[in-house]
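Asks: One file: model-v8.csv (CSV, C-alpha atoms (C1' of nucleotides)).
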chain,number,residue,atom,x,y,z
A,1,MET,CA,147.2,75.6,130.1
A,2,ALA,CA,146.2,75.7,126.5
A,3,ALA,CA,142.7,76.6,125.4
A,4,VAL,CA,139.7,74.9,127.1
A,5,ARG,CA,137.4,72.9,124.9
A,6,ILE,CA,133.8,72.4,126.1
A,7,ALA,CA,131.3,70.2,124.3
A,8,THR,CA,127.7,69.2,124.7
A,9,TRP,CA,126.3,66.0,123.4
A,10,ASN,CA,123.0,64.2,123.8
A,11,VAL,CA,124.4,60.7,123.8
A,12,ASN,CA,121.0,58.8,123.9
A,13,SER,CA,122.0,56.2,126.5
A,14,ILE,CA,125.5,56.3,127.8
A,15,ARG,CA,125.6,52.5,128.4
A,16,SER,CA,124.8,51.7,124.7
A,17,ARG,CA,127.1,54.5,123.5
A,18,VAL,CA,130.1,54.5,125.9
A,19,ASP,CA,132.6,53.1,123.4
A,20,ARG,CA,131.8,55.8,120.9
A,21,VAL,CA,131.7,58.5,123.5
A,22,VAL,CA,135.1,57.7,125.1
A,23,ASP,CA,136.6,57.1,121.7
A,24,TRP,CA,135.4,60.6,120.6
A,25,LEU,CA,136.7,62.1,123.8
A,26,GLY,CA,140.1,60.6,123.1
A,27,ARG,CA,140.2,62.0,119.6
A,28,SER,CA,138.5,65.4,120.1
A,29,GLU,CA,140.7,66.9,122.8
A,30,THR,CA,137.5,67.9,124.6
A,31,ASP,CA,138.2,69.0,128.2
A,32,VAL,CA,134.7,69.3,129.5
A,33,LEU,CA,131.9,67.1,128.0
A,34,LEU,CA,128.3,67.9,128.9
A,35,MET,CA,126.1,64.9,128.3
A,36,GLN,CA,122.3,64.5,128.1
A,37,GLU,CA,120.0,61.6,127.9
A,38,THR,CA,122.4,59.2,129.7
A,39,LYS,CA,119.3,57.1,130.3
A,40,ALA,CA,121.0,55.7,133.4
A,41,LYS,CA,120.5,55.7,137.1
A,42,ASP,CA,123.6,56.9,139.0
A,43,GLU,CA,124.6,53.4,139.9
A,44,GLN,CA,124.5,52.4,136.2
A,45,PHE,CA,126.8,55.1,134.9
A,46,PRO,CA,130.1,53.7,133.5
A,47,PHE,CA,132.3,56.1,135.5
A,48,ALA,CA,135.4,53.9,135.2
A,49,ARG,CA,135.5,54.3,131.4
A,50,PHE,CA,135.9,58.1,131.8
A,51,GLU,CA,138.2,58.0,134.8
A,52,GLU,CA,140.7,55.8,133.1
A,53,LEU,CA,141.0,58.6,130.5
A,54,GLY,CA,141.7,61.1,133.2
A,55,TYR,CA,138.2,62.6,133.4
A,56,GLU,CA,136.2,63.2,136.6
A,57,VAL,CA,132.5,62.6,136.2
A,58,ALA,CA,129.4,63.9,137.9
A,59,HIS,CA,126.1,62.3,136.9
A,60,HIS,CA,122.5,63.1,137.8
A,61,GLY,CA,120.1,60.3,136.8
A,62,LEU,CA,117.1,59.2,138.8
A,63,ASN,CA,115.6,56.7,136.4
A,64,GLN,CA,116.0,55.1,133.0
A,65,TRP,CA,114.6,58.1,131.1
A,66,ASN,CA,117.0,61.0,131.0
A,67,GLY,CA,120.0,61.8,133.1
A,68,VAL,CA,122.7,64.4,132.6
A,69,ALA,CA,126.4,64.3,133.3
A,70,ILE,CA,129.6,66.4,133.2
A,71,ALA,CA,133.0,64.8,132.4
A,72,SER,CA,136.0,67.1,133.0
A,73,ARG,CA,139.7,66.7,132.9
A,74,VAL,CA,140.2,70.3,134.0
A,75,GLY,CA,138.6,70.1,137.4
A,76,LEU,CA,135.1,69.4,138.6
A,77,GLU,CA,134.1,71.5,141.6
A,78,ASP,CA,130.9,72.7,143.3
A,79,VAL,CA,128.7,70.2,141.6
A,80,SER,CA,125.0,70.9,142.0
A,81,VAL,CA,121.9,69.4,140.5
A,82,GLY,CA,118.5,70.6,139.5
A,83,PHE,CA,116.2,73.6,140.0
A,84,PRO,CA,114.1,72.6,143.0
A,85,ASP,CA,111.5,75.2,142.5
A,86,VAL,CA,110.4,73.8,139.2
A,87,PRO,CA,107.2,71.7,139.5
A,88,GLY,CA,108.0,68.1,138.6
A,89,TRP,CA,111.7,68.5,139.4
A,90,GLY,CA,113.1,65.7,141.4
A,91,ASP,CA,110.2,63.4,140.8
A,92,PRO,CA,111.8,60.1,140.2
A,93,ALA,CA,108.9,59.0,138.1
A,94,ALA,CA,109.1,62.0,135.8
A,95,PRO,CA,110.8,61.2,132.5
A,96,GLU,CA,111.6,64.8,132.3
A,97,ALA,CA,114.2,67.5,132.7
A,98,ARG,CA,117.5,67.2,134.3
A,99,ALA,CA,120.3,69.6,135.0
A,100,ILE,CA,123.7,69.4,136.5
A,101,GLY,CA,126.3,72.1,137.0
A,102,ALA,CA,129.9,72.3,138.0
A,103,THR,CA,132.9,74.6,137.8
A,104,CYS,CA,135.5,73.2,135.4
A,105,GLY,CA,138.7,75.0,134.6
A,106,GLY,CA,137.2,78.3,135.9
A,107,VAL,CA,134.1,78.0,133.8
A,108,ARG,CA,130.7,77.4,135.4
A,109,ALA,CA,129.1,74.9,133.1
A,110,TRP,CA,125.6,73.4,133.1
A,111,SER,CA,124.5,70.3,131.3
A,112,LEU,CA,120.8,70.8,130.5
A,113,TYR,CA,118.1,68.5,129.2
A,114,VAL,CA,115.1,70.7,128.6
A,115,PRO,CA,111.7,69.0,128.8
A,116,ASN,CA,110.6,67.8,125.4
A,117,GLY,CA,107.1,69.1,125.7
A,118,ARG,CA,105.5,66.2,123.8
A,119,THR,CA,102.6,68.1,122.1
A,120,LEU,CA,101.3,71.6,122.1
A,121,ASP,CA,98.2,70.6,124.2
A,122,ASP,CA,100.1,68.4,126.6
A,123,PRO,CA,100.8,69.6,130.2
A,124,HIS,CA,104.4,68.8,129.6
A,125,LEU,CA,104.6,71.8,127.4
A,126,GLU,CA,103.6,74.1,130.2
A,127,TYR,CA,106.2,72.3,132.4
A,128,LYS,CA,108.8,72.9,129.6
A,129,LEU,CA,108.0,76.7,129.5
A,130,GLN,CA,108.0,77.0,133.3
A,131,TRP,CA,111.2,75.1,133.6
A,132,LEU,CA,112.9,77.4,131.0
A,133,GLU,CA,111.6,80.5,132.7
A,134,THR,CA,112.9,79.3,136.1
A,135,LEU,CA,116.3,78.6,134.6
A,136,ARG,CA,116.4,82.0,132.9
A,137,ALA,CA,115.5,83.8,136.1
A,138,GLN,CA,118.1,81.7,138.0
A,139,THR,CA,120.7,82.5,135.4
A,140,ALA,CA,119.9,86.2,135.7
A,141,ALA,CA,120.3,86.0,139.5
A,142,TRP,CA,123.7,84.4,139.2
A,143,ARG,CA,124.8,87.1,136.7
A,144,ALA,CA,123.5,89.8,139.0
A,145,ALA,CA,125.6,88.4,141.8
A,146,ASP,CA,128.7,88.1,139.6
A,147,PRO,CA,128.6,90.2,136.3
A,148,ASP,CA,131.8,88.7,135.1
A,149,LEU,CA,130.7,85.1,135.6
A,150,PRO,CA,132.0,82.9,132.8
A,151,LEU,CA,128.9,80.7,132.5
A,152,ALA,CA,128.0,78.2,129.8
A,153,LEU,CA,124.5,76.7,129.5
A,154,GLY,CA,125.0,73.7,127.3
A,155,GLY,CA,122.5,71.0,126.3
A,156,ASP,CA,119.5,69.8,124.4
A,157,PHE,CA,117.0,72.7,124.6
A,158,ASN,CA,114.4,70.9,122.5
A,159,ILE,CA,113.7,74.2,120.7
A,160,ALA,CA,114.6,75.2,117.2
A,161,PRO,CA,114.7,78.9,117.7
A,162,PHE,CA,114.6,80.1,114.1
A,163,ASP,CA,113.0,78.8,110.9
A,164,GLU,CA,116.4,78.0,109.5
A,165,ASP,CA,116.9,75.6,112.4
A,166,VAL,CA,114.6,73.0,110.8
A,167,TRP,CA,114.8,71.5,107.4
A,168,ASP,CA,111.3,72.4,106.4
A,169,MET,CA,109.0,74.6,108.5
A,170,SER,CA,105.9,73.2,106.8
A,171,ALA,CA,106.7,69.8,108.3
A,172,PHE,CA,106.5,71.3,111.8
A,173,GLU,CA,103.1,72.9,111.6
A,174,GLY,CA,101.3,72.3,114.9
A,175,SER,CA,104.5,70.8,116.4
A,176,THR,CA,106.5,71.5,119.5
A,177,HIS,CA,110.1,72.8,119.2
A,178,VAL,CA,109.1,75.6,116.8
A,179,SER,CA,106.0,77.1,118.5
A,180,PRO,CA,106.0,80.9,119.3
A,181,ARG,CA,105.9,80.3,123.0
A,182,GLU,CA,108.9,78.0,123.0
A,183,ARG,CA,110.8,80.3,120.7
A,184,ALA,CA,110.0,83.2,123.1
A,185,ALA,CA,111.2,81.2,126.0
A,186,PHE,CA,114.5,80.7,124.2
A,187,GLN,CA,114.7,84.3,123.0
A,188,ALA,CA,114.4,85.5,126.6
A,189,PHE,CA,117.8,84.1,127.3
A,190,LEU,CA,119.2,86.1,124.4
A,191,ASP,CA,117.4,89.2,125.5
A,192,ASP,CA,119.0,88.8,128.8
A,193,GLY,CA,122.4,89.1,127.1
A,194,LEU,CA,123.3,85.4,126.8
A,195,VAL,CA,125.0,84.6,123.5
A,196,ASP,CA,124.6,81.5,121.2
A,197,VAL,CA,128.3,81.1,120.9
A,198,VAL,CA,128.1,78.4,118.2
A,199,ARG,CA,125.9,79.9,115.6
A,200,PRO,CA,128.4,82.5,114.4
A,201,HIS,CA,130.9,79.8,113.7
A,202,ALA,CA,128.4,77.3,112.3
A,203,PRO,CA,125.8,79.4,110.5
A,204,GLY,CA,122.7,78.0,108.9
A,205,PRO,CA,120.5,77.3,107.2
A,206,GLY,CA,120.8,73.6,107.1
A,207,THR,CA,123.2,73.4,110.0
A,208,PHE,CA,121.7,70.9,112.4
A,209,THR,CA,122.6,69.1,115.6
A,210,TYR,CA,119.9,66.4,115.6
A,211,TRP,CA,118.5,64.1,112.9
A,212,ASP,CA,115.7,61.6,113.7
A,213,TYR,CA,116.6,57.9,113.4
A,214,GLN,CA,113.6,57.4,111.2
A,215,GLN,CA,113.0,57.8,107.4
A,216,LEU,CA,116.7,58.3,106.5
A,217,ALA,CA,116.5,61.7,108.0
A,218,PHE,CA,120.3,62.1,108.2
A,219,PRO,CA,121.2,61.2,104.6
A,220,LYS,CA,118.3,63.3,103.5
A,221,LYS,CA,119.6,66.2,105.6
A,222,ARG,CA,116.3,66.5,107.5
A,223,GLY,CA,117.6,67.8,110.8
A,224,MET,CA,117.1,70.3,113.5
A,225,ARG,CA,119.3,72.6,115.5
A,226,ILE,CA,118.2,72.1,119.0
A,227,ASP,CA,121.5,71.7,120.9
A,228,PHE,CA,123.1,74.9,122.1
A,229,VAL,CA,125.8,76.5,124.2
A,230,LEU,CA,124.6,79.8,125.6
A,231,GLY,CA,127.3,81.9,127.2
A,232,THR,CA,127.5,85.0,129.3
A,233,PRO,CA,129.5,87.9,127.7
A,234,ALA,CA,132.4,86.9,129.9
A,235,LEU,CA,132.4,83.5,128.3
A,236,ALA,CA,131.5,84.6,124.8
A,237,ASP,CA,134.5,87.0,124.7
A,238,ARG,CA,136.7,84.0,125.1
A,239,VAL,CA,135.3,81.9,122.2
A,240,LEU,CA,138.0,81.0,119.6
A,241,GLY,CA,135.8,78.8,117.6
A,242,ALA,CA,132.9,76.3,117.6
A,243,ALA,CA,131.7,73.4,115.5
A,244,ILE,CA,129.1,70.8,115.2
A,245,ASP,CA,130.7,67.4,114.7
A,246,ARG,CA,128.2,65.8,112.3
A,247,GLU,CA,130.7,63.1,111.5
A,248,GLU,CA,129.6,61.6,114.8
A,249,ARG,CA,126.1,61.2,113.5
A,250,LYS,CA,127.3,58.7,110.9
A,251,GLY,CA,127.5,55.0,111.1
A,252,LYS,CA,126.1,52.2,113.1
A,253,GLY,CA,125.5,52.9,116.7
A,254,ALA,CA,125.4,56.7,116.4
A,255,SER,CA,123.4,58.9,118.8
A,256,ASP,CA,120.7,60.8,117.0
A,257,HIS,CA,122.5,64.0,118.1
A,258,ALA,CA,125.9,65.3,117.1
A,259,PRO,CA,128.4,66.8,119.6
A,260,VAL,CA,128.6,70.6,119.6
A,261,VAL,CA,132.1,71.9,120.5
A,262,VAL,CA,133.3,75.3,121.7
A,263,GLU,CA,136.9,76.3,122.2
A,264,LEU,CA,137.8,79.0,124.7
A,265,LYS,CA,141.0,80.9,125.1
A,266,ASP,CA,142.4,81.2,128.6
B,1,DA,C1',129.1,55.0,101.7
B,2,DT,C1',125.6,58.3,105.9
B,3,DG,C1',120.8,53.9,104.0
B,4,DG,C1',114.1,52.6,105.6
B,5,DT,C1',114.3,53.9,114.2
B,6,DC,C1',116.3,53.4,118.8
B,7,DG,C1',116.6,52.3,123.6
B,8,DC,C1',114.5,51.7,127.6
B,9,DC,C1',113.3,47.3,130.7
B,10,DC,C1',109.0,46.9,129.2
B,11,DC,C1',107.4,44.2,124.7
B,12,DG,C1',104.6,50.0,124.3
B,13,DC,C1',106.1,54.3,124.7
B,14,DG,C1',108.8,58.4,124.6
B,15,DA,C1',111.9,60.8,121.6
So that I can check it, write out the structure of this file as structure tokens.

Replies:
Amino acid sequence: MAAVRIATWNVNSIRSRVDRVVDWLGRSETDVLLMQETKAKDEQFPFARFEELGYEVAHHGLNQWNGVAIASRVGLEDVSVGFPDVPGWGDPAAPEARAIGATCGGVRAWSLYVPNGRTLDDPHLEYKLQWLETLRAQTAAWRAADPDLPLALGGDFNIAPFDEDVWDMSAFEGSTHVSPRERAAFQAFLDDGLVDVVRPHAPGPGTFTYWDYQQLAFPKKRGMRIDFVLGTPALADRVLGAAIDREERKGKGASDHAPVVVELKD
DNA sequence: ATGGTCGCCCCGCGA
């Protein structure tokens, strides 16, 4: 088999975006697509549109708010959802975090939608931080059990880890996504030895994955880098290249996030 | 052209 291409994409509603998503899949030679914000219940997900292209799909969506999915044409095994020990997890009424994992082509891949946090004084921010710490500890446990695990954590982290990851820090004073506590929660993954496998291939500043729909943010280049693929060393060693496909942010009917693509050698 | 939110299933709210 040739190289494996893994992508993560916050699609902002799969039902409103499915034509664009499957068109992109057909063109991009992506083998494993991690999707977030499908905004669909499981019974609403358009599985057939992926299956007819040769992809298996696993979806985890409890309500209209978020929902995550993995589409793979290189196998989809050992699917699991969620982190049950996180408060709020599994509450169907919670418009909050979702996670789904599977083994695809020998890589353990997770599609993550990290809680937004809303505002610095909102209880959802504490939930976000707790959720991230639970994920970090879980990831560390998996790695302790299998040091050579090729693991990819892909998704919308709702954190801009460095100043260069937003267009203007002064516009984010008092905001979530850039606060020291959120950045520390992200940095903890890096301190554990996980690697942002995209940044070396798509360096900043001004390299973003998300642009708000409002106020002409995209043409004005007012974006944020909040979508990431973090890999274990066993995965990072296999990275041939990575890119943010900002072309997909263009035009009518675009998601507000661009796909982030990582290519791995066998 | 990349052009002044979008998408939910509720008509406001979260992002």

Asks: Name the closest residue to Asp163 in chain A among the candidates A:Gln130, A:Asn10, A:Thr207, A:Thr139; distances are taken between atoms, counting all atoms listed in the file.

Replies: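 Ranking A:Gln130, A:Asn10, A:Thr207, A:Thr139 by distance to Asp163 in chain A, first place goes to A:Thr207.
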
Asks: What's the 8 Å shell around Ile159 in chain A, counting all atoms listed in the file, without same-chain residues fewer than 2 positions away, as a PyMOL selection string?

Replies: chain A and resi 157+161+176-178+182-183+186+225-226

Asks: With all atoms listed in the file counted and 9 Å as the cut-off, give the residues of chain B in contact with range 55-70 of chain A, each with its shortest interatomic distance in Å and the pair that gives it, as a tab-separated table.

Replies:
residue	atom	partner	partner_atom	distance
B:DC8	C1'	A:Gln64	CA	6.6
B:DC9	C1'	A:Gln64	CA	8.6
B:DG14	C1'	A:Trp65	CA	8.7

Asks: Using all atoms listed in the file and a distance of at most 8 Å, pull out the residues of chain A that contact chain B, as a tab-separated table (two decimals) with C-alpha atoms, in the coordinates of the input.

Replies:
chain	number	residue	atom	x	y	z
A	12	ASN	CA	121.00	58.80	123.90
A	13	SER	CA	122.00	56.20	126.50
A	39	LYS	CA	119.30	57.10	130.30
A	64	GLN	CA	116.00	55.10	133.00
A	65	TRP	CA	114.60	58.10	131.10
A	212	ASP	CA	115.70	61.60	113.70
A	213	TYR	CA	116.60	57.90	113.40
A	214	GLN	CA	113.60	57.40	111.20
A	215	GLN	CA	113.00	57.80	107.40
A	216	LEU	CA	116.70	58.30	106.50
A	218	PHE	CA	120.30	62.10	108.20
A	219	PRO	CA	121.20	61.20	104.60
A	250	LYS	CA	127.30	58.70	110.90
A	251	GLY	CA	127.50	55.00	111.10

Asks: Tell me, as a list in words, which residues lie within 12 Å of Leu125 in chain A, counting all atoms listed in the file; anything in the same chain fewer than 5 positions away does not count.

Replies: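 With the cut-off at 12 Å, the set is Glu96, Ala97, Val114, Pro115, Asn116, Gly117, Arg118, Thr119, Leu120, Gln130, Trp131, Leu132, Asn158, Ile159, Ser175, Thr176, His177, Ser179, Arg181, Glu182 and Ala185 of chain A.
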
Asks: Have a look at CA of Val79 in chain A and CA of Cys104 in chain A and let me know their distance in Å, one decimal.

Replies: 9.7 Å

Asks: Could you please determine the separation between CA of Glu126 in chain A and CA of Gln187 in chain A in Å, to one decimal place?

Replies: 16.7 Å

Asks: Can you pull out the residues contacting Ala242 in chain A? Cut-off 12 Å, using only C-alpha atoms (C1' of nucleotides), and skip same-chain residues under 5 positions away; I want them as a ChimeraX atom specification.

Replies: /A:4-8,30,196-203,228-229,236,259-265

Asks: Quick one, how far is CA of Phe172 in chain A from CA of Gly253 in chain A?

Replies: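 Here the two named atoms are 26.9 Å from each other.
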
Asks: Tell me which of A:Glu51, A:Asp148, A:Asp237, A:Asp122 sits closest to Asp266 in chain A, counting only C-alpha atoms.

Replies: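 The answer is A:Asp237, which sits nearest to Asp266 in chain A.
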
Asks: My list of candidates is A:Arg17, A:Ala217, A:Gly105, A:Phe189. Which is closest to Ala140 in chain A when distances are computed with all atoms listed in the file?

Replies: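 The answer is A:Phe189, which sits nearest to Ala140 in chain A.
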
Asks: Applying 7 Å and only C-alpha atoms (C1' of nucleotides), which residues near Thr209 in chain A remain after dropping the ones on its own chain fewer than 5 positions away? List them as JSON, numbers by chain.

Replies: {"A": [224, 225, 226, 227, 244, 257, 258]}

Asks: Only C-alpha atoms (C1' of nucleotides), please: chain B from the block, as a compact mmCIF listing (two decimals), in the first residue's frame.

Replies:
# COMPACT_ATOMS: atom_id res chain seq x y z
C1' DA B 1 -12.76 36.67 -7.34
C1' DT B 2 -12.31 34.63 -1.28
C1' DG B 3 -16.89 39.53 -0.27
C1' DG B 4 -20.53 42.15 5.11
C1' DT B 5 -22.50 34.79 9.38
C1' DC B 6 -24.12 30.08 9.55
C1' DG B 7 -26.80 26.14 10.97
C1' DC B 8 -29.39 24.15 14.22
C1' DC B 9 -34.83 22.99 14.56
C1' DC B 10 -35.77 26.66 17.16
C1' DC B 11 -36.93 31.70 15.21
C1' DG B 12 -32.44 32.54 19.74
C1' DC B 13 -28.39 30.68 20.61
C1' DG B 14 -23.92 28.64 20.27
C1' DA B 15 -19.82 28.94 17.53
